[in-house]
Amino acid sequence: MTPPTTTDDRHDAAESDLLARLRAGDDAAFAELVETHAGRLLALARRIVRSEADAEDVVQEAFLSAFKALSRFDGRSSLSTWLHRITVNAALMRQRRKAARPEAPIDTLLPQFEDGRHAAHPIPLAVVTDGEGERIERQEAFWHAMARLPQDFRDVIELRDIQGLDSKSAARELGISDALVRQRLHRARQALLTLLTPILGDSR
């Protein structure tokens, strides 16, 4: 007896068909991709860049980047997850350019120790998520700090702490080992604490 077709199966089949049409240069497929995802990506970009005009530019950049990278998209993640990552990276790049701040080497952002103890006591890292009521300034501080991290470390924070993937799923998405995801996540969180403590330490 053939198992019934599930909603996930139908979604996967529809996404595979859309991806095939995109790769074939089907203009209608690209219009469908934009119509399906533009609203969500625009809301995401707004949270990071805090400007409607910049958010619109970010989403345009993200779709253009996605279109150029279609040949490298291997389908290990959903199109939605892939577009989410591209949009976050485009928004953070814009933030970094506006602030004229380059990426900081990760080792310079890790906690310092004296006699085996923290030289300073960092604040707990509260991940910024939708609908949790965080203050706007706290969100802005988080995204500015994210923009300072090297790309590899931003990616693991974005997948694990923002999108909520587990380490194994994030490893598949990034094409690295589960152990390396865990290592980068630990270092990225420490770096974020270093960047956020001076800004938010007095608002605990």
# chains A, B, ... in the order shown; residues from 1 in each chain; ligands from 1
>>> select_by_dssp(residues="stretch 134-184 of chain A", states="alpha helix (DSSP H)", output="PDB file with C-alpha atoms, in the first residue's frame")
ATOM      1  CA  ILE A 136      14.600  48.411  20.242  1.00  0.00           C
ATOM      2  CA  GLU A 137      17.996  49.606  21.445  1.00  0.00           C
ATOM      3  CA  ARG A 138      18.832  46.090  22.619  1.00  0.00           C
ATOM      4  CA  GLN A 139      17.960  44.703  19.175  1.00  0.00           C
ATOM      5  CA  GLU A 140      20.065  47.365  17.474  1.00  0.00           C
ATOM      6  CA  ALA A 141      23.029  46.598  19.716  1.00  0.00           C
ATOM      7  CA  PHE A 142      22.735  42.913  18.889  1.00  0.00           C
ATOM      8  CA  TRP A 143      22.714  43.457  15.125  1.00  0.00           C
ATOM      9  CA  HIS A 144      25.576  45.956  15.277  1.00  0.00           C
ATOM     10  CA  ALA A 145      27.575  43.386  17.230  1.00  0.00           C
ATOM     11  CA  MET A 146      26.662  40.676  14.729  1.00  0.00           C
ATOM     12  CA  ALA A 147      27.986  42.872  11.932  1.00  0.00           C
ATOM     13  CA  ARG A 148      31.405  42.905  13.597  1.00  0.00           C
ATOM     14  CA  GLN A 151      31.236  35.604   8.353  1.00  0.00           C
ATOM     15  CA  ASP A 152      31.792  32.014   9.531  1.00  0.00           C
ATOM     16  CA  PHE A 153      30.813  32.947  13.065  1.00  0.00           C
ATOM     17  CA  ARG A 154      27.814  35.042  12.004  1.00  0.00           C
ATOM     18  CA  ASP A 155      26.528  32.046  10.079  1.00  0.00           C
ATOM     19  CA  VAL A 156      26.453  29.719  13.080  1.00  0.00           C
ATOM     20  CA  ILE A 157      24.765  32.335  15.316  1.00  0.00           C
ATOM     21  CA  SER A 167      23.876  21.663  15.510  1.00  0.00           C
ATOM     22  CA  LYS A 168      23.533  18.752  13.111  1.00  0.00           C
ATOM     23  CA  SER A 169      21.135  20.658  10.846  1.00  0.00           C
ATOM     24  CA  ALA A 170      23.362  23.726  10.920  1.00  0.00           C
ATOM     25  CA  ALA A 171      26.358  21.538  10.052  1.00  0.00           C
ATOM     26  CA  ARG A 172      24.532  20.140   7.019  1.00  0.00           C
ATOM     27  CA  GLU A 173      23.537  23.647   5.970  1.00  0.00           C
ATOM     28  CA  LEU A 174      27.099  24.966   6.211  1.00  0.00           C
ATOM     29  CA  ASP A 178      28.820  19.135  13.943  1.00  0.00           C
ATOM     30  CA  ALA A 179      31.865  19.591  16.196  1.00  0.00           C
ATOM     31  CA  LEU A 180      33.020  22.645  14.234  1.00  0.00           C
ATOM     32  CA  VAL A 181      29.542  24.187  14.463  1.00  0.00           C
ATOM     33  CA  ARG A 182      29.623  23.766  18.240  1.00  0.00           C
ATOM     34  CA  GLN A 183      33.119  25.234  18.466  1.00  0.00           C
ATOM     35  CA  ARG A 184      32.257  28.268  16.317  1.00  0.00           C
TER      36      ARG A 184
END
>>> closest_atom_pairs(of="stretch 28-87 of chain A", to="stretch 158-166 of chain A", cutoff="10 Å", atoms="only C-alpha atoms", output="CSV")
residue,atom,partner,partner_atom,distance
A:Thr81,CA,A:Gln163,CA,8.2
A:His84,CA,A:Gln163,CA,8.8
A:Arg85,CA,A:Glu158,CA,7.3
>>> closest_residue(among="A:Leu195, A:Ala38, A:Ala13, A:Ala90", to="A:Leu110", atoms="only C-alpha atoms")
A:Leu195
>>> residues_around(residues="stretch 18-26 of chain A", least_positions_apart="6", cutoff="12 Å", atoms="only C-alpha atoms", output="list in words")
His11, Asp12, Glu32, Leu33, Val34, Thr36, Ala66, Phe67, Lys68, Ala69, Leu70, Ser71, Arg72, Phe73, Asp74, Gly75, Ser78, Leu79 and Ser80 of chain A
>>> write_last_selection(atoms="N, CA and C atoms", output="PDB file, in the first residue's frame")
ATOM      1  N   HIS A  11       5.144  20.047  -0.349  1.00  0.00           N
ATOM      2  CA  HIS A  11       5.981  21.257  -0.295  1.00  0.00           C
ATOM      3  C   HIS A  11       7.334  21.000  -0.945  1.00  0.00           C
ATOM      4  N   ASP A  12       7.955  19.856  -0.620  1.00  0.00           N
ATOM      5  CA  ASP A  12       9.263  19.527  -1.185  1.00  0.00           C
ATOM      6  C   ASP A  12       9.185  19.396  -2.699  1.00  0.00           C
ATOM      7  N   GLU A  32       7.513  34.286  -8.876  1.00  0.00           N
ATOM      8  CA  GLU A  32       6.865  33.493  -7.820  1.00  0.00           C
ATOM      9  C   GLU A  32       7.717  33.477  -6.557  1.00  0.00           C
ATOM     10  N   LEU A  33       9.033  33.339  -6.729  1.00  0.00           N
ATOM     11  CA  LEU A  33       9.946  33.334  -5.582  1.00  0.00           C
ATOM     12  C   LEU A  33       9.855  34.657  -4.830  1.00  0.00           C
ATOM     13  N   VAL A  34       9.877  35.759  -5.563  1.00  0.00           N
ATOM     14  CA  VAL A  34       9.814  37.078  -4.944  1.00  0.00           C
ATOM     15  C   VAL A  34       8.473  37.280  -4.247  1.00  0.00           C
ATOM     16  N   THR A  36       6.465  35.095  -3.022  1.00  0.00           N
ATOM     17  CA  THR A  36       6.324  34.212  -1.862  1.00  0.00           C
ATOM     18  C   THR A  36       7.124  34.691  -0.663  1.00  0.00           C
ATOM     19  N   ALA A  66      20.891  35.777  -4.538  1.00  0.00           N
ATOM     20  CA  ALA A  66      20.329  34.429  -4.633  1.00  0.00           C
ATOM     21  C   ALA A  66      20.261  33.965  -6.086  1.00  0.00           C
ATOM     22  N   PHE A  67      19.832  34.853  -6.966  1.00  0.00           N
ATOM     23  CA  PHE A  67      19.730  34.505  -8.375  1.00  0.00           C
ATOM     24  C   PHE A  67      21.101  34.135  -8.942  1.00  0.00           C
ATOM     25  N   LYS A  68      22.123  34.894  -8.566  1.00  0.00           N
ATOM     26  CA  LYS A  68      23.477  34.619  -9.060  1.00  0.00           C
ATOM     27  C   LYS A  68      24.047  33.323  -8.486  1.00  0.00           C
ATOM     28  N   ALA A  69      23.572  32.953  -7.289  1.00  0.00           N
ATOM     29  CA  ALA A  69      24.133  31.787  -6.606  1.00  0.00           C
ATOM     30  C   ALA A  69      23.299  30.525  -6.788  1.00  0.00           C
ATOM     31  N   LEU A  70      22.267  30.563  -7.612  1.00  0.00           N
ATOM     32  CA  LEU A  70      21.384  29.402  -7.769  1.00  0.00           C
ATOM     33  C   LEU A  70      22.132  28.132  -8.134  1.00  0.00           C
ATOM     34  N   SER A  71      23.159  28.268  -8.964  1.00  0.00           N
ATOM     35  CA  SER A  71      23.897  27.079  -9.405  1.00  0.00           C
ATOM     36  C   SER A  71      24.640  26.417  -8.252  1.00  0.00           C
ATOM     37  N   ARG A  72      24.889  27.179  -7.182  1.00  0.00           N
ATOM     38  CA  ARG A  72      25.618  26.634  -6.027  1.00  0.00           C
ATOM     39  C   ARG A  72      24.683  26.165  -4.916  1.00  0.00           C
ATOM     40  N   PHE A  73      23.386  26.429  -5.067  1.00  0.00           N
ATOM     41  CA  PHE A  73      22.426  25.986  -4.057  1.00  0.00           C
ATOM     42  C   PHE A  73      22.173  24.500  -4.244  1.00  0.00           C
ATOM     43  N   ASP A  74      22.508  23.700  -3.210  1.00  0.00           N
ATOM     44  CA  ASP A  74      22.446  22.244  -3.359  1.00  0.00           C
ATOM     45  C   ASP A  74      21.181  21.623  -2.776  1.00  0.00           C
ATOM     46  N   GLY A  75      20.283  22.444  -2.232  1.00  0.00           N
ATOM     47  CA  GLY A  75      19.021  21.905  -1.738  1.00  0.00           C
ATOM     48  C   GLY A  75      19.085  21.244  -0.384  1.00  0.00           C
ATOM     49  N   SER A  78      16.043  24.461   2.942  1.00  0.00           N
ATOM     50  CA  SER A  78      14.923  24.955   2.152  1.00  0.00           C
ATOM     51  C   SER A  78      15.306  26.285   1.507  1.00  0.00           C
ATOM     52  N   LEU A  79      14.591  26.651   0.458  1.00  0.00           N
ATOM     53  CA  LEU A  79      14.815  27.955  -0.157  1.00  0.00           C
ATOM     54  C   LEU A  79      14.581  29.074   0.863  1.00  0.00           C
ATOM     55  N   SER A  80      13.602  28.881   1.731  1.00  0.00           N
ATOM     56  CA  SER A  80      13.285  29.880   2.741  1.00  0.00           C
ATOM     57  C   SER A  80      14.474  30.116   3.674  1.00  0.00           C
TER      58      SER A  80
END
>>> residues_around(residues="A:Ser65", least_positions_apart="5", cutoff="10 Å", atoms="only C-alpha atoms", output="short mmCIF file (atom, residue, chain, number, x, y, z; two decimals) with C-alpha atoms, in the first residue's frame")
data_model
loop_
_atom_site.label_atom_id
_atom_site.label_comp_id
_atom_site.auth_asym_id
_atom_site.auth_seq_id
_atom_site.Cartn_x
_atom_site.Cartn_y
_atom_site.Cartn_z
CA VAL A 59 15.95 42.64 -0.05
CA GLN A 60 16.72 43.58 -3.65
CA LEU A 70 21.38 29.40 -7.77
CA LEU A 83 17.08 33.27 1.49
CA ILE A 86 21.40 35.73 2.38
CA THR A 87 19.18 38.56 3.63
CA ALA A 90 23.22 41.52 3.13
#
>>> closest_residue(among="A:Leu109, A:Ala188, A:Leu196, A:Leu42", to="A:Val58", atoms="only C-alpha atoms")
A:Leu42
>>> residues_around(residues="A:Asp54", least_positions_apart="4", cutoff="12 Å", atoms="only C-alpha atoms", output="PyMOL selection string")
chain A and resi 42-50+58-61+87+90-95+98
>>> atom_distance(atom1="atom CA of A:Glu103", atom2="atom CA of A:Ala62")
20.0 Å
>>> closest_residue(among="A:Ser16, A:Ser51, A:Thr108, A:Ser77", to="A:Pro150", atoms="only C-alpha atoms")
A:Thr108
>>> select_by_dssp(residues="stretch 9-194 of chain A", states="strand (DSSP E or B)", output="list in words")
Phe113, Glu114, Arg117 and His118 of chain A
>>> write_last_selection(atoms="C-alpha atoms", output="PDB file, in the first residue's frame")
ATOM      1  CA  PHE A 113      41.174  35.913  31.811  1.00  0.00           C
ATOM      2  CA  GLU A 114      43.322  36.820  34.797  1.00  0.00           C
ATOM      3  CA  ARG A 117      39.090  33.929  36.012  1.00  0.00           C
ATOM      4  CA  HIS A 118      37.172  36.334  33.788  1.00  0.00           C
TER       5      HIS A 118
END
>>> atom_distance(atom1="atom CA of A:Ser177", atom2="atom CA of A:Leu193")
24.4 Å
